[in-house]
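J.: One structure follows; several queries about it will come next.
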Amino acid sequence: MIEYKRYTLANGLTVILHPDDSTPLVTVNVLYKVGSRNEEVQRTGFAHLFEHLMFGGSINVPDFDTPIQQAGGDNNAFTNSDLTNFYNVMPAENIETALWLESDRMLQLDFNQKSLDVQKKVVVEEFKETSINQPYGDLWHELSALAFSKHPYRWPTIGLVPEHISDAELSEVKAFFDRYYKPGNAVLIVAGKYDEHIRSQIDHWFGSIPAGDVHFNPIELEPLQDAFRQKIVRRKVPADALYLAFHMPDRNHKDFIVYDLLSDVLSGGRSARLYQNLLKGTELFSKVNAYITGTLDPGLFVVESHMLEGADMDQALALIWAELNLLAEELVNEEELQKVKNSLISSVAFSEVSITNKAINLAYYEMMGDLEKINHQEEEIESVTAADLLRVAKEIFTKENCSELRYLREET
């Protein structure tokens, strides 16, 4: 069980405190409920750009890394389709350094053309490095656009094209900050060793920040996919690859854990079906696995495979479908199901060892709207039956729910 106390400041900031005296460290984590799903189609990549801009200096702090390092700490951040998260880890006695830094950039970034130009260049170079110059780098550009026609999940977090970032004006960037980076759209977590003064410290640093007006663009729901989709692309890649994407429910759906376990039956280690039956059992695959995107809105269940030299892709595809159809036709035996349950429960327990992981997880469950659910994950996992897996497999693994992307090597 993760012990926590939750309360809200007058300006709307949600605060969650998790005590852990077993460590001399403290993690200060701030989650903003803004990701690439909140962007406009003509200006994608903004949430990721802001992950960088938030380290570029704020109204009273010209440099973030130096104070953190001087306090004996470390910090980092990540962005995805649903959120942006910043975390700071340091000795507990220096906690106010992190509170000061996070509150100052929540209050106001130091918007100037020079800082924006620097960060735009960094983000554009990252786009080129990861999405253009790297083999399979545009996978999520292609697969997302194939599987989604309306929802903002149709573009990846890094954005549709680098020009959306390189052409961004300072006024647009300011407007994006003013819309989303406000106390009422944020969750502050303090996890680790802190003393009885923590509430007054938080109130001192965050309580006077104006609430602002958080305004979300309406998000267009993805219509039900009712026909098979296929796309073939040719790229400079080392091997042919095949991706099957199936629409699945959102992170809060009652069956989400069933889909999670279903992906583990297929690809949860060396004893899983895809490894045993396809990777070891044939001479077609160099890589094959299954995973879910786990997004706030309905997402994707993906089966990914890379071919060996000379492998027949149609034969490989038939074998993958045979594995998926088997899950939709026969009950998973209890021993196999319990094995994947135990593995997932172990992963949950392992994630609760680190105070930083606990802080991030607390923020995420709060964003989902049911914080206490973090303490009932094991029960949720254990409640899944073989009949649940069969039912869900029948629902998801249909041809009309499938988007197939074939990645073929360019012919020389």
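We label chains A, B, ... in the order they appear in the structure tokens, count residues from 1 in each chain, and number ligands from 1 in the order shown.
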Could you pull out the alpha helix (DSSP H) residues of stretch 206-363 of chain A, going by DSSP on the backbone, and write them as a PyMOL selection string?
T.: chain A and resi 206+256-267+273+313-327+334-351+355-363
J.: I need the residues from that last selection saved to file as a PDB file, in the first residue's frame (with C-alpha atoms), if you can.
T.:
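Saved to result-v7.pdb:
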ATOM      1  CA  PHE A 206       2.867  27.703  -4.848  1.00  0.00           C
ATOM      2  CA  PHE A 256      -7.938  -2.309 -19.633  1.00  0.00           C
ATOM      3  CA  ILE A 257      -6.118  -4.750 -17.342  1.00  0.00           C
ATOM      4  CA  VAL A 258      -7.483  -7.632 -19.431  1.00  0.00           C
ATOM      5  CA  TYR A 259      -5.867  -6.183 -22.545  1.00  0.00           C
ATOM      6  CA  ASP A 260      -2.647  -5.655 -20.606  1.00  0.00           C
ATOM      7  CA  LEU A 261      -2.564  -9.317 -19.561  1.00  0.00           C
ATOM      8  CA  LEU A 262      -3.516 -10.414 -23.072  1.00  0.00           C
ATOM      9  CA  SER A 263      -0.440  -8.651 -24.452  1.00  0.00           C
ATOM     10  CA  ASP A 264       1.670 -10.419 -21.807  1.00  0.00           C
ATOM     11  CA  VAL A 265       0.294 -13.831 -22.798  1.00  0.00           C
ATOM     12  CA  LEU A 266       1.573 -13.074 -26.277  1.00  0.00           C
ATOM     13  CA  SER A 267       4.778 -11.283 -25.395  1.00  0.00           C
ATOM     14  CA  ARG A 273       3.553 -17.458 -27.093  1.00  0.00           C
ATOM     15  CA  MET A 313       5.916 -11.780 -45.072  1.00  0.00           C
ATOM     16  CA  ASP A 314       2.582 -13.325 -46.027  1.00  0.00           C
ATOM     17  CA  GLN A 315       3.594 -16.554 -44.312  1.00  0.00           C
ATOM     18  CA  ALA A 316       4.691 -14.593 -41.245  1.00  0.00           C
ATOM     19  CA  LEU A 317       1.406 -12.685 -41.222  1.00  0.00           C
ATOM     20  CA  ALA A 318      -0.584 -15.915 -41.371  1.00  0.00           C
ATOM     21  CA  LEU A 319       1.307 -17.287 -38.371  1.00  0.00           C
ATOM     22  CA  ILE A 320       0.683 -14.133 -36.338  1.00  0.00           C
ATOM     23  CA  TRP A 321      -3.026 -14.234 -37.115  1.00  0.00           C
ATOM     24  CA  ALA A 322      -3.099 -17.903 -36.128  1.00  0.00           C
ATOM     25  CA  GLU A 323      -1.791 -16.955 -32.680  1.00  0.00           C
ATOM     26  CA  LEU A 324      -4.339 -14.146 -32.331  1.00  0.00           C
ATOM     27  CA  ASN A 325      -7.216 -16.330 -33.508  1.00  0.00           C
ATOM     28  CA  LEU A 326      -6.228 -19.039 -31.035  1.00  0.00           C
ATOM     29  CA  LEU A 327      -6.678 -16.563 -28.181  1.00  0.00           C
ATOM     30  CA  GLU A 334      -4.849 -21.357 -15.624  1.00  0.00           C
ATOM     31  CA  GLU A 335      -1.115 -21.990 -15.207  1.00  0.00           C
ATOM     32  CA  GLU A 336      -0.255 -19.705 -18.126  1.00  0.00           C
ATOM     33  CA  LEU A 337      -2.641 -17.024 -16.890  1.00  0.00           C
ATOM     34  CA  GLN A 338      -1.298 -17.124 -13.336  1.00  0.00           C
ATOM     35  CA  LYS A 339       2.253 -16.844 -14.658  1.00  0.00           C
ATOM     36  CA  VAL A 340       1.536 -13.585 -16.492  1.00  0.00           C
ATOM     37  CA  LYS A 341      -0.434 -12.301 -13.495  1.00  0.00           C
ATOM     38  CA  ASN A 342       2.523 -12.974 -11.188  1.00  0.00           C
ATOM     39  CA  SER A 343       4.875 -11.229 -13.589  1.00  0.00           C
ATOM     40  CA  LEU A 344       2.685  -8.143 -13.777  1.00  0.00           C
ATOM     41  CA  ILE A 345       2.206  -8.048 -10.001  1.00  0.00           C
ATOM     42  CA  SER A 346       5.981  -8.256  -9.588  1.00  0.00           C
ATOM     43  CA  SER A 347       6.422  -5.348 -11.985  1.00  0.00           C
ATOM     44  CA  VAL A 348       3.975  -3.269  -9.952  1.00  0.00           C
ATOM     45  CA  ALA A 349       5.801  -4.121  -6.724  1.00  0.00           C
ATOM     46  CA  PHE A 350       9.179  -3.308  -8.260  1.00  0.00           C
ATOM     47  CA  SER A 351       7.876   0.070  -9.440  1.00  0.00           C
ATOM     48  CA  ILE A 355      10.348   7.103  -4.554  1.00  0.00           C
ATOM     49  CA  THR A 356      10.570   8.718  -7.985  1.00  0.00           C
ATOM     50  CA  ASN A 357       8.533   5.941  -9.583  1.00  0.00           C
ATOM     51  CA  LYS A 358       5.988   6.211  -6.793  1.00  0.00           C
ATOM     52  CA  ALA A 359       5.764   9.971  -7.277  1.00  0.00           C
ATOM     53  CA  ILE A 360       5.224   9.605 -11.029  1.00  0.00           C
ATOM     54  CA  ASN A 361       2.649   6.835 -10.529  1.00  0.00           C
ATOM     55  CA  LEU A 362       0.738   8.852  -7.931  1.00  0.00           C
ATOM     56  CA  ALA A 363       0.581  11.805 -10.302  1.00  0.00           C
TER      57      ALA A 363
END
J.: Give me the residues near A:Phe301 as a PDB file with C-alpha atoms, in the first residue's frame, where near means some atom within 8 Å (using only C-alpha atoms) and where sequence neighbours in that chain fewer than 5 positions away do not count.
T.:
ATOM      1  CA  ALA A 245      -2.595  -2.219 -34.778  1.00  0.00           C
ATOM      2  CA  PHE A 246      -5.972  -2.977 -33.183  1.00  0.00           C
ATOM      3  CA  HIS A 247      -8.158  -0.372 -31.471  1.00  0.00           C
ATOM      4  CA  MET A 248      -8.699  -0.988 -27.755  1.00  0.00           C
ATOM      5  CA  TYR A 259      -5.867  -6.183 -22.545  1.00  0.00           C
ATOM      6  CA  SER A 263      -0.440  -8.651 -24.452  1.00  0.00           C
ATOM      7  CA  ALA A 290       2.977  -7.290 -28.577  1.00  0.00           C
ATOM      8  CA  TYR A 291       2.218  -4.242 -26.455  1.00  0.00           C
ATOM      9  CA  ILE A 292      -0.481  -1.694 -25.671  1.00  0.00           C
ATOM     10  CA  THR A 293      -0.252   2.083 -25.802  1.00  0.00           C
TER      11      THR A 293
END
J.: So which residues touch A:Trp140 within 10 Å, counting only C-alpha atoms, skipping near sequence neighbours fewer than 2 positions away, as a list in words?
T.: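 Here the answer would be Ser131, Tyr136, Gly137, Asp138, Glu142, Leu143, Ser144, Ala145, Leu146, Tyr153, Arg154, Trp155, Pro156, Thr157, Ile158 and Leu160 of chain A.
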J.: Okay, now the selection with N, CA and C atoms, as a tab-separated table (two decimals), in the first residue's frame?
T.:
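Below is the file part.tsv, written as the result:
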chain	number	residue	atom	x	y	z
A	131	SER	N	13.35	10.67	-36.11
A	131	SER	CA	12.22	10.36	-36.98
A	131	SER	C	12.55	10.34	-38.47
A	136	TYR	N	13.31	2.99	-39.26
A	136	TYR	CA	11.98	2.85	-38.66
A	136	TYR	C	11.60	4.09	-37.83
A	137	GLY	N	12.31	5.19	-38.00
A	137	GLY	CA	12.07	6.39	-37.19
A	137	GLY	C	10.70	7.01	-37.40
A	138	ASP	N	10.14	6.83	-38.59
A	138	ASP	CA	8.82	7.40	-38.86
A	138	ASP	C	7.70	6.39	-38.64
A	142	GLU	N	3.62	6.90	-39.42
A	142	GLU	CA	2.86	6.09	-40.38
A	142	GLU	C	1.75	5.29	-39.70
A	143	LEU	N	2.08	4.62	-38.60
A	143	LEU	CA	1.09	3.75	-37.96
A	143	LEU	C	-0.04	4.54	-37.31
A	144	SER	N	0.29	5.65	-36.66
A	144	SER	CA	-0.74	6.47	-36.02
A	144	SER	C	-1.70	7.04	-37.06
A	145	ALA	N	-1.16	7.54	-38.16
A	145	ALA	CA	-2.00	8.13	-39.20
A	145	ALA	C	-2.86	7.07	-39.89
A	146	LEU	N	-2.38	5.83	-39.91
A	146	LEU	CA	-3.16	4.75	-40.50
A	146	LEU	C	-4.31	4.33	-39.58
A	153	TYR	N	-4.37	11.46	-31.54
A	153	TYR	CA	-3.39	10.38	-31.49
A	153	TYR	C	-2.88	10.03	-32.89
A	154	ARG	N	-3.43	10.65	-33.90
A	154	ARG	CA	-2.97	10.36	-35.26
A	154	ARG	C	-1.60	10.96	-35.56
A	155	TRP	N	-1.07	11.77	-34.64
A	155	TRP	CA	0.33	12.19	-34.79
A	155	TRP	C	1.11	11.84	-33.53
A	156	PRO	N	2.41	11.59	-33.66
A	156	PRO	CA	3.23	11.23	-32.49
A	156	PRO	C	3.58	12.46	-31.66
A	157	THR	N	4.10	12.22	-30.47
A	157	THR	CA	4.41	13.30	-29.54
A	157	THR	C	5.38	14.31	-30.12
A	158	ILE	N	6.33	13.85	-30.92
A	158	ILE	CA	7.33	14.76	-31.45
A	158	ILE	C	6.76	15.68	-32.53
A	160	LEU	N	4.00	16.21	-36.22
A	160	LEU	CA	3.83	15.71	-37.58
A	160	LEU	C	5.03	16.01	-38.47
J.: Enumerate, in order of chain and increasing residue number, the residues of stretch 209-297 of chain A with an atom no farther than 12 Å from stretch 90-106 of chain A, each with its shortest atom pair and distance in Å to one decimal, counting only C-alpha atoms, as JSON lines.
T.:
{"residue": "A:Ile209", "atom": "CA", "partner": "A:Met106", "partner_atom": "CA", "distance": 7.8}
{"residue": "A:Pro210", "atom": "CA", "partner": "A:Met106", "partner_atom": "CA", "distance": 9.7}
{"residue": "A:Ala211", "atom": "CA", "partner": "A:Met106", "partner_atom": "CA", "distance": 10.5}
{"residue": "A:Gly212", "atom": "CA", "partner": "A:Met106", "partner_atom": "CA", "distance": 11.1}
J.: Counting only C-alpha atoms, what is within 9 Å of A:Tyr243, bar same-chain residues fewer than 2 positions away, as a list in words?
T.: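 In the requested format, the answer is Leu143, Ala241, Ala245, Val302, Val303, Glu304, Ser305, His306, Ser403, Glu404, Leu405, Arg406 and Tyr407 of chain A.
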J.: Considering only C-alpha atoms, state which residue in the set A:Val118, A:Ile189, A:Val288, A:Ile374 is at the smallest distance from A:Arg6.
T.: A:Ile189
J.: Between A:Lys182, A:Arg229, A:Arg270, A:Lys254, single out the one closest to A:Asn11, counting only C-alpha atoms.
T.: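 Of all the options, A:Lys182 lies closest to A:Asn11.
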J.: Report, in Å with one decimal, the straight-line distance from atom CA of A:Phe78 to atom CA of A:Glu3.
T.: 25.0 Å
